[in-house]
Amino acid sequence: MNLSHKGIYRWGLGGISLGSSSAALDIGCGGGKVVKMLATKMPGGKVYGIDHSLEMVNLSKRVNKSFIESGRVEINHGSVSSLPCTDDMFDIVTVFETIQFWPNLNEDLREVKRVLKPLGQLLVVNRYPDLEGQNSSWAEVLQIHSSEEYRERLSDASYVDISIDDSSKPGWILVSARKP
């Protein structure tokens, strides 16, 4: 998965601006590549990864072994519904191809907002098929959200500065929002 998604990771992270000592969380860290890219982007910062799968947690730990040993990365087993983090902890929270698996999108968006610092950024990158015609039932089963749904859900959870790019990379969506 790391190799096949490398271009998407670069695209998703390409527009973010982080200080060298920022704190970041990658939810659904899977194979650990996004964690590694964030750690490289923030030489004085700290990156946390969380995944509900112990197998993925172990893989991410192997991929990020040197960063973990240096104290710059921490990988944990857990759920987006109950993040093992303090309030106002992160400058950015990234979510690559996992939001469709969240148990309760509305509550989970509020939980993510809890751990973001004021003006902290939520960045979601996900597959985004044409939701009309033949893909509509597939999108419904996988809980693929439309641009309008993302905007509505983020607004309901009191996020601000919501921006959505569903056209520059066909088949993909990039959603960004900030905690007030």
# chains A, B, ... in the order shown; residues from 1 in each chain; ligands from 1
>>> residues_around(residues="Thr94 of chain A", least_positions_apart="6", cutoff="7 Å", atoms="only C-alpha atoms", output="PyMOL selection string")
chain A and resi 25-27+122-124
>>> write_last_selection(atoms="C-alpha atoms", output="compact mmCIF listing (two decimals), in the first residue's frame")
# COMPACT_ATOMS: atom_id res chain seq x y z
CA LEU A 25 -1.30 12.91 14.14
CA ASP A 26 -2.03 10.47 11.32
CA ILE A 27 -5.28 8.59 11.94
CA LEU A 122 -7.68 18.55 9.63
CA LEU A 123 -6.59 17.13 6.27
CA VAL A 124 -8.62 14.31 4.69
>>> select_by_dssp(residues="segment 60-126 of chain A", states="strand (DSSP E or B)", output="CSV table (one decimal) with N, CA and C atoms, in the first residue's frame")
chain,number,residue,atom,x,y,z
A,73,VAL,N,8.7,10.0,16.7
A,73,VAL,CA,7.5,9.3,16.3
A,73,VAL,C,7.0,8.4,17.4
A,74,GLU,N,5.7,8.3,17.5
A,74,GLU,CA,5.0,7.4,18.4
A,74,GLU,C,3.8,6.8,17.7
A,75,ILE,N,3.7,5.5,17.7
A,75,ILE,CA,2.6,4.8,17.0
A,75,ILE,C,1.8,4.1,18.1
A,76,ASN,N,0.5,4.2,18.1
A,76,ASN,CA,-0.4,3.6,19.1
A,76,ASN,C,-1.5,2.9,18.4
A,77,HIS,N,-2.0,1.9,19.2
A,77,HIS,CA,-3.2,1.2,18.8
A,77,HIS,C,-4.4,1.9,19.4
A,79,SER,N,-8.6,3.9,18.5
A,79,SER,CA,-9.7,4.3,17.7
A,79,SER,C,-9.9,5.8,17.6
A,82,SER,N,-12.1,7.5,20.3
A,82,SER,CA,-11.5,7.8,21.6
A,82,SER,C,-10.0,7.9,21.5
A,90,PHE,N,-2.4,18.9,18.7
A,90,PHE,CA,-1.8,18.8,17.3
A,90,PHE,C,-2.1,20.0,16.5
A,91,ASP,N,-1.0,20.3,15.7
A,91,ASP,CA,-1.1,21.4,14.7
A,91,ASP,C,-1.9,20.9,13.5
A,92,ILE,N,-1.7,19.6,13.2
A,92,ILE,CA,-2.4,19.0,12.0
A,92,ILE,C,-2.8,17.5,12.4
A,93,VAL,N,-3.9,17.1,11.8
A,93,VAL,CA,-4.3,15.7,11.9
A,93,VAL,C,-4.6,15.3,10.4
A,94,THR,N,-4.0,14.2,10.0
A,94,THR,CA,-4.2,13.7,8.7
A,94,THR,C,-5.0,12.4,8.7
A,95,VAL,N,-5.7,12.3,7.6
A,95,VAL,CA,-6.6,11.1,7.4
A,95,VAL,C,-6.5,10.7,6.0
A,96,PHE,N,-5.8,9.6,5.7
A,96,PHE,CA,-5.6,9.2,4.3
A,96,PHE,C,-6.4,7.9,4.1
A,116,LEU,N,-7.1,18.8,18.2
A,116,LEU,CA,-6.4,19.9,17.4
A,116,LEU,C,-6.2,21.1,18.2
A,117,LYS,N,-5.1,21.8,18.0
A,117,LYS,CA,-4.9,23.1,18.6
A,117,LYS,C,-5.8,24.1,18.0
A,118,PRO,N,-6.1,25.2,18.6
A,118,PRO,CA,-6.8,26.3,18.0
A,118,PRO,C,-6.1,26.6,16.6
A,119,LEU,N,-6.9,26.7,15.6
A,119,LEU,CA,-6.4,26.9,14.2
A,119,LEU,C,-5.7,25.7,13.6
A,120,GLY,N,-5.7,24.6,14.3
A,120,GLY,CA,-5.1,23.4,13.8
A,120,GLY,C,-5.9,22.9,12.6
A,121,GLN,N,-5.2,22.1,11.8
A,121,GLN,CA,-5.8,21.7,10.5
A,121,GLN,C,-6.1,20.2,10.5
A,122,LEU,N,-7.3,19.9,10.0
A,122,LEU,CA,-7.7,18.6,9.6
A,122,LEU,C,-7.5,18.4,8.1
A,123,LEU,N,-6.8,17.4,7.7
A,123,LEU,CA,-6.6,17.1,6.3
A,123,LEU,C,-7.1,15.7,6.0
A,124,VAL,N,-8.1,15.6,5.1
A,124,VAL,CA,-8.6,14.3,4.7
A,124,VAL,C,-8.4,14.1,3.2
A,125,VAL,N,-7.8,13.0,2.9
A,125,VAL,CA,-7.6,12.6,1.5
A,125,VAL,C,-8.2,11.2,1.3
A,126,ASN,N,-9.1,11.1,0.3
A,126,ASN,CA,-9.8,9.9,0.1
A,126,ASN,C,-10.2,9.7,-1.4
>>> residues_around(residues="segment 173-175 of chain A", least_positions_apart="3", cutoff="9 Å", atoms="only C-alpha atoms", output="PyMOL selection string")
chain A and resi 12+122-128+147+150-151+162-170
>>> write_last_selection(atoms="C-alpha atoms", output="tab-separated table (two decimals), in the first residue's frame")
chain	number	residue	atom	x	y	z
A	12	GLY	CA	-2.15	15.39	-0.13
A	122	LEU	CA	-7.68	18.55	9.63
A	123	LEU	CA	-6.59	17.13	6.27
A	124	VAL	CA	-8.62	14.31	4.69
A	125	VAL	CA	-7.56	12.59	1.46
A	126	ASN	CA	-9.82	9.89	0.10
A	127	ARG	CA	-10.94	8.12	-3.04
A	128	TYR	CA	-13.69	10.06	-4.74
A	147	SER	CA	-18.20	17.29	-1.28
A	150	TYR	CA	-18.02	16.78	3.89
A	151	ARG	CA	-18.83	20.50	4.02
A	162	ILE	CA	-13.35	24.43	4.97
A	163	SER	CA	-11.85	23.86	1.54
A	164	ILE	CA	-12.49	20.97	-0.80
A	165	ASP	CA	-10.56	19.95	-3.90
A	166	ASP	CA	-12.36	17.25	-5.85
A	167	SER	CA	-11.11	18.14	-9.31
A	168	SER	CA	-7.31	18.50	-9.47
A	169	LYS	CA	-6.67	14.75	-9.02
A	170	PRO	CA	-9.37	12.69	-10.78
>>> closest_atom_pairs(of="segment 42-79 of chain A", to="segment 14-23 of chain A", cutoff="7 Å", atoms="only C-alpha atoms", output="Markdown table")
| residue | atom | partner | partner_atom | distance |
| --- | --- | --- | --- | --- |
| A:Met42 | CA | A:Ser20 | CA | 4.2 |
| A:Pro43 | CA | A:Ser20 | CA | 5.5 |
| A:Gly44 | CA | A:Ser21 | CA | 4.4 |
| A:Gly45 | CA | A:Ser21 | CA | 3.7 |
| A:Lys46 | CA | A:Ala23 | CA | 5.0 |
| A:Val47 | CA | A:Ala23 | CA | 5.8 |
>>> write_last_selection(atoms="N, CA and C atoms", output="mmCIF file, in the first residue's frame")
data_model
loop_
_atom_site.group_PDB
_atom_site.id
_atom_site.type_symbol
_atom_site.label_atom_id
_atom_site.label_comp_id
_atom_site.auth_asym_id
_atom_site.auth_seq_id
_atom_site.Cartn_x
_atom_site.Cartn_y
_atom_site.Cartn_z
ATOM 1 N N MET A 42 9.042 17.706 9.297
ATOM 2 C CA MET A 42 9.118 18.457 10.553
ATOM 3 C C MET A 42 10.307 17.972 11.383
ATOM 4 N N PRO A 43 11.515 18.397 11.055
ATOM 5 C CA PRO A 43 12.700 17.848 11.718
ATOM 6 C C PRO A 43 12.766 18.051 13.231
ATOM 7 N N GLY A 44 12.084 19.053 13.758
ATOM 8 C CA GLY A 44 12.082 19.257 15.203
ATOM 9 C C GLY A 44 10.751 18.934 15.835
ATOM 10 N N GLY A 45 9.863 18.323 15.065
ATOM 11 C CA GLY A 45 8.512 18.063 15.546
ATOM 12 C C GLY A 45 8.316 16.646 16.027
ATOM 13 N N LYS A 46 7.088 16.354 16.369
ATOM 14 C CA LYS A 46 6.720 15.021 16.842
ATOM 15 C C LYS A 46 5.501 14.560 16.053
ATOM 16 N N VAL A 47 5.548 13.317 15.608
ATOM 17 C CA VAL A 47 4.457 12.744 14.823
ATOM 18 C C VAL A 47 3.920 11.513 15.547
#
>>> closest_residue(among="A:Leu154, A:Asp51, A:Val80, A:Trp172", to="Gly7 of chain A", atoms="only C-alpha atoms")
A:Trp172
>>> atom_distance(atom1="atom CA of Leu109 of chain A", atom2="atom CA of Tyr48 of chain A")
17.7 Å
>>> residues_around(residues="segment 32-41 of chain A", least_positions_apart="6", cutoff="7 Å", atoms="only C-alpha atoms", output="NGL selection string")
:A and (2 or 9 or 26 or 47 or 49 or 60 or 63-64)
>>> write_last_selection(atoms="C-alpha atoms", output="PDB file, in the first residue's frame")
ATOM      1  CA  ASN A   2       2.837   2.420   0.783  1.00  0.00           C
ATOM      2  CA  TYR A   9       0.500  10.988  -0.114  1.00  0.00           C
ATOM      3  CA  ASP A  26      -2.029  10.467  11.316  1.00  0.00           C
ATOM      4  CA  VAL A  47       4.457  12.744  14.823  1.00  0.00           C
ATOM      5  CA  GLY A  49       0.203   7.552  14.337  1.00  0.00           C
ATOM      6  CA  SER A  60       4.103   1.250  10.968  1.00  0.00           C
ATOM      7  CA  VAL A  63       8.722   1.421   8.875  1.00  0.00           C
ATOM      8  CA  ASN A  64       9.394   4.248  11.356  1.00  0.00           C
TER       9      ASN A  64
END
>>> atom_distance(atom1="atom CA of Arg62 of chain A", atom2="atom CA of Leu13 of chain A")
21.9 Å
>>> decode(residues="segment 106-130 of chain A", atoms="N, CA and C atoms", output="PDB file, in the first residue's frame")
ATOM      1  N   ASN A 106     -19.936  12.055  12.604  1.00  0.00           N
ATOM      2  CA  ASN A 106     -20.198  13.307  13.315  1.00  0.00           C
ATOM      3  C   ASN A 106     -19.456  13.368  14.648  1.00  0.00           C
ATOM      4  N   GLU A 107     -19.583  12.321  15.451  1.00  0.00           N
ATOM      5  CA  GLU A 107     -18.905  12.293  16.750  1.00  0.00           C
ATOM      6  C   GLU A 107     -17.389  12.232  16.579  1.00  0.00           C
ATOM      7  N   ASP A 108     -16.929  11.478  15.610  1.00  0.00           N
ATOM      8  CA  ASP A 108     -15.486  11.330  15.406  1.00  0.00           C
ATOM      9  C   ASP A 108     -14.848  12.630  14.930  1.00  0.00           C
ATOM     10  N   LEU A 109     -15.554  13.416  14.124  1.00  0.00           N
ATOM     11  CA  LEU A 109     -15.033  14.733  13.728  1.00  0.00           C
ATOM     12  C   LEU A 109     -14.894  15.647  14.944  1.00  0.00           C
ATOM     13  N   ARG A 110     -15.817  15.547  15.870  1.00  0.00           N
ATOM     14  CA  ARG A 110     -15.712  16.340  17.109  1.00  0.00           C
ATOM     15  C   ARG A 110     -14.530  15.864  17.959  1.00  0.00           C
ATOM     16  N   GLU A 111     -14.316  14.557  17.987  1.00  0.00           N
ATOM     17  CA  GLU A 111     -13.184  14.013  18.741  1.00  0.00           C
ATOM     18  C   GLU A 111     -11.864  14.490  18.144  1.00  0.00           C
ATOM     19  N   VAL A 112     -11.763  14.520  16.832  1.00  0.00           N
ATOM     20  CA  VAL A 112     -10.554  15.033  16.179  1.00  0.00           C
ATOM     21  C   VAL A 112     -10.377  16.510  16.509  1.00  0.00           C
ATOM     22  N   LYS A 113     -11.459  17.259  16.473  1.00  0.00           N
ATOM     23  CA  LYS A 113     -11.375  18.694  16.792  1.00  0.00           C
ATOM     24  C   LYS A 113     -10.867  18.904  18.222  1.00  0.00           C
ATOM     25  N   ARG A 114     -11.246  18.025  19.120  1.00  0.00           N
ATOM     26  CA  ARG A 114     -10.796  18.122  20.514  1.00  0.00           C
ATOM     27  C   ARG A 114      -9.277  18.105  20.615  1.00  0.00           C
ATOM     28  N   VAL A 115      -8.620  17.272  19.820  1.00  0.00           N
ATOM     29  CA  VAL A 115      -7.165  17.123  19.942  1.00  0.00           C
ATOM     30  C   VAL A 115      -6.388  18.118  19.081  1.00  0.00           C
ATOM     31  N   LEU A 116      -7.080  18.839  18.197  1.00  0.00           N
ATOM     32  CA  LEU A 116      -6.412  19.876  17.405  1.00  0.00           C
ATOM     33  C   LEU A 116      -6.204  21.126  18.249  1.00  0.00           C
ATOM     34  N   LYS A 117      -5.082  21.784  18.033  1.00  0.00           N
ATOM     35  CA  LYS A 117      -4.851  23.092  18.645  1.00  0.00           C
ATOM     36  C   LYS A 117      -5.785  24.102  17.984  1.00  0.00           C
ATOM     37  N   PRO A 118      -6.069  25.231  18.641  1.00  0.00           N
ATOM     38  CA  PRO A 118      -6.814  26.279  17.951  1.00  0.00           C
ATOM     39  C   PRO A 118      -6.111  26.640  16.636  1.00  0.00           C
ATOM     40  N   LEU A 119      -6.871  26.720  15.572  1.00  0.00           N
ATOM     41  CA  LEU A 119      -6.403  26.942  14.198  1.00  0.00           C
ATOM     42  C   LEU A 119      -5.674  25.735  13.615  1.00  0.00           C
ATOM     43  N   GLY A 120      -5.678  24.614  14.342  1.00  0.00           N
ATOM     44  CA  GLY A 120      -5.092  23.383  13.819  1.00  0.00           C
ATOM     45  C   GLY A 120      -5.884  22.879  12.628  1.00  0.00           C
ATOM     46  N   GLN A 121      -5.203  22.142  11.756  1.00  0.00           N
ATOM     47  CA  GLN A 121      -5.783  21.722  10.478  1.00  0.00           C
ATOM     48  C   GLN A 121      -6.119  20.235  10.461  1.00  0.00           C
ATOM     49  N   LEU A 122      -7.298  19.925   9.954  1.00  0.00           N
ATOM     50  CA  LEU A 122      -7.682  18.555   9.628  1.00  0.00           C
ATOM     51  C   LEU A 122      -7.534  18.407   8.123  1.00  0.00           C
ATOM     52  N   LEU A 123      -6.810  17.384   7.698  1.00  0.00           N
ATOM     53  CA  LEU A 123      -6.591  17.126   6.274  1.00  0.00           C
ATOM     54  C   LEU A 123      -7.066  15.710   5.961  1.00  0.00           C
ATOM     55  N   VAL A 124      -8.056  15.600   5.089  1.00  0.00           N
ATOM     56  CA  VAL A 124      -8.622  14.310   4.693  1.00  0.00           C
ATOM     57  C   VAL A 124      -8.356  14.103   3.209  1.00  0.00           C
ATOM     58  N   VAL A 125      -7.766  12.966   2.861  1.00  0.00           N
ATOM     59  CA  VAL A 125      -7.560  12.595   1.462  1.00  0.00           C
ATOM     60  C   VAL A 125      -8.207  11.227   1.275  1.00  0.00           C
ATOM     61  N   ASN A 126      -9.083  11.137   0.280  1.00  0.00           N
ATOM     62  CA  ASN A 126      -9.820   9.893   0.104  1.00  0.00           C
ATOM     63  C   ASN A 126     -10.172   9.674  -1.365  1.00  0.00           C
ATOM     64  N   ARG A 127     -10.436   8.414  -1.700  1.00  0.00           N
ATOM     65  CA  ARG A 127     -10.945   8.122  -3.044  1.00  0.00           C
ATOM     66  C   ARG A 127     -12.257   8.873  -3.220  1.00  0.00           C
ATOM     67  N   TYR A 128     -12.496   9.273  -4.460  1.00  0.00           N
ATOM     68  CA  TYR A 128     -13.690  10.065  -4.740  1.00  0.00           C
ATOM     69  C   TYR A 128     -14.217   9.705  -6.116  1.00  0.00           C
ATOM     70  N   PRO A 129     -14.952   8.588  -6.198  1.00  0.00           N
ATOM     71  CA  PRO A 129     -15.459   8.163  -7.503  1.00  0.00           C
ATOM     72  C   PRO A 129     -16.589   9.073  -7.967  1.00  0.00           C
ATOM     73  N   ASP A 130     -16.884   9.007  -9.225  1.00  0.00           N
ATOM     74  CA  ASP A 130     -18.068   9.668  -9.758  1.00  0.00           C
ATOM     75  C   ASP A 130     -19.262   9.064  -9.021  1.00  0.00           C
TER      76      ASP A 130
END
